[in-house]
Amino acid sequence: MKRIALLTSGGDCPGMNAAIRSIVRTCLSMNIQAFGVEQGYKGLIEGKLFSMESKNVANIIQRGGTILRSARSEQFKTKQGRDIAVEVLKKNKIDGLIVVGGDGSLTGANILYKDYGVKVVGLPGSIDNDIYGTDMAIGVDTALNTILKCIDTINDTASSHDRTFLIEVMGRNCGYLALMSAIAGGAEAVLIPEIPYDIEGIIKKIKKRYEEGKTRSIIVVAEGVGSAYDFGKVFGMIGGFDTRITVLGHIQRGGCPTIFDRILATRLGTAAVEALVSGSSGVMMGLQKTQVVQVPFEEVFGNKKRIDSKLLEIAEILSR
Ligand code: ADP
């Protein structure tokens with residue numbers, strides 16, 4: 001293994017830079033030349049590769065986003081696009097590729113491995129935490145801390161005005177961010193796509209809480225269940241609450257990565273290089289019970305990550 005290329009793809013997340021730094025410096029320590037690919041698969045197709053030295057990754061561990069930039073590429077979803085990408089890898093004599101990204105990006109990596117025999121290792125980078133095979137993906141912890149800071153802040157103003165706040169958080173079809181932030185933020189209710197919700201039941205509960213003297217309510221809405229604005233109208237109309245909506249949006253994707261994400265990205269980055277060097281391919285590096293493990297792509301894509309039912313139970317108990 002003499003030349004390793006790395007790219008960040010899909011939705012960006014805090015900690016991608018820490019992963020890039022770790023990959024590049026681990027490569028250098030093993031006398032492997034590291035090549036950064038700009039703008040994910042789009043840049044790969046366009047041949048945007050450059051050799052990376054230690055100084056290229058100096059002073060980035062604390063920065064959110066990705067210095068390699070990220071992109072979405074429709075062309076890469078076609079065989080014609082992937083043929084070009086593989087040609088670029090060959091022309092640049094790349095022996096191994098590391099892809100940092102979410103579900104979609106890793107799906108692309110799997111196709112490169114299966115259909116073209118490219119030696120590829122994936123790192124889970126996505127705030128959604130919807131990737132099977134890793135307890136936490138890079139970026140999740142930072143996103144949760146950002147959400148929590150917002151919930152705490154909204155809580156203050158909500159209490160002053162006896163208001164009901166619906167806070168919409170990201171996560172695509174996964175309710176992890178919503179559930180965890182609802183528990184940690186002391187929310188009265190959480191709506192997630194994994195379980196059916198009972199709006200009337202929630203309204204009843206909130207009314208009772210107000211009657212008991214509670215001065216505010218927080219409801220966390222996962223984007224995967226629908227728009228907080230639509231739910232807000234229902235809560236306002238049926239419940240008669242003074243309702244306000246906050247859609248957190250892209251602030252959840254940015255910001256300085258937490259120590260957890262920096263260490264996770266660093267460990268997974270080093271492990272990815274070591275995996276390629278030891279001959280592994282078609283695997284994602286994941287974190288399971290505090291240990292870094294290799295998870296075959298077929299396992300990653302053959303399973304669906306589930307919400308921990310115990311956490312659901314806890315959320316229900318604590319919001320009573
Ligand atoms: P994420 O990686 O954050 O889930 P996307 O789903 O947008 O983000 O995927 C990022 C990129 O990965 C896409 O723009 C595309 O280039 C590639 N990709 C996604 N799904 C596939 C697929 N089924 N086949 C090939 N490439 C894919």
# chains A, B, ... in the order shown; residues from 1 in each chain; ligands from 1
>>> residues_near_ligand(ligand="ligand 1", cutoff="10 Å", atoms="only C-alpha atoms and all ligand atoms", output="MDAnalysis selection string")
chainID A and resid 8:13 40:42 70:79 81:82 99:112 124:128 130:131 172
>>> residues_around(residues="Ala158 in chain A", least_positions_apart="4", cutoff="10 Å", atoms="only C-alpha atoms", output="list of chain:residue names")
A:Ile151, A:Asp152, A:Thr153, A:Ile154, A:Asp162, A:Arg163, A:Thr164, A:Phe165, A:Thr215, A:Arg216, A:Ser217, A:Ile218, A:Asp242, A:Thr243, A:Arg244
>>> closest_residue(among="A:Ala272, A:Leu49, A:Val169, A:Met237", to="Asn92 in chain A", atoms="only C-alpha atoms")
A:Leu49
>>> residues_around(residues="range 116-122 of chain A", least_positions_apart="2", cutoff="6 Å", atoms="only C-alpha atoms", output="ChimeraX atom specification")
/A:96-100,112-114,281-284
>>> atom_distance(atom1="CA of Gly186 in chain A", atom2="CA of Cys174 in chain A")
19.9 Å
>>> residues_around(residues="Gly47 in chain A", least_positions_apart="6", cutoff="9 Å", atoms="only C-alpha atoms", output="list of chain:residue names")
A:Val37, A:Glu38, A:Ala85, A:Val88, A:Leu89, A:Asn92
>>> atom_distance(atom1="CA of Ala137 in chain A", atom2="CA of Asn173 in chain A")
15.4 Å
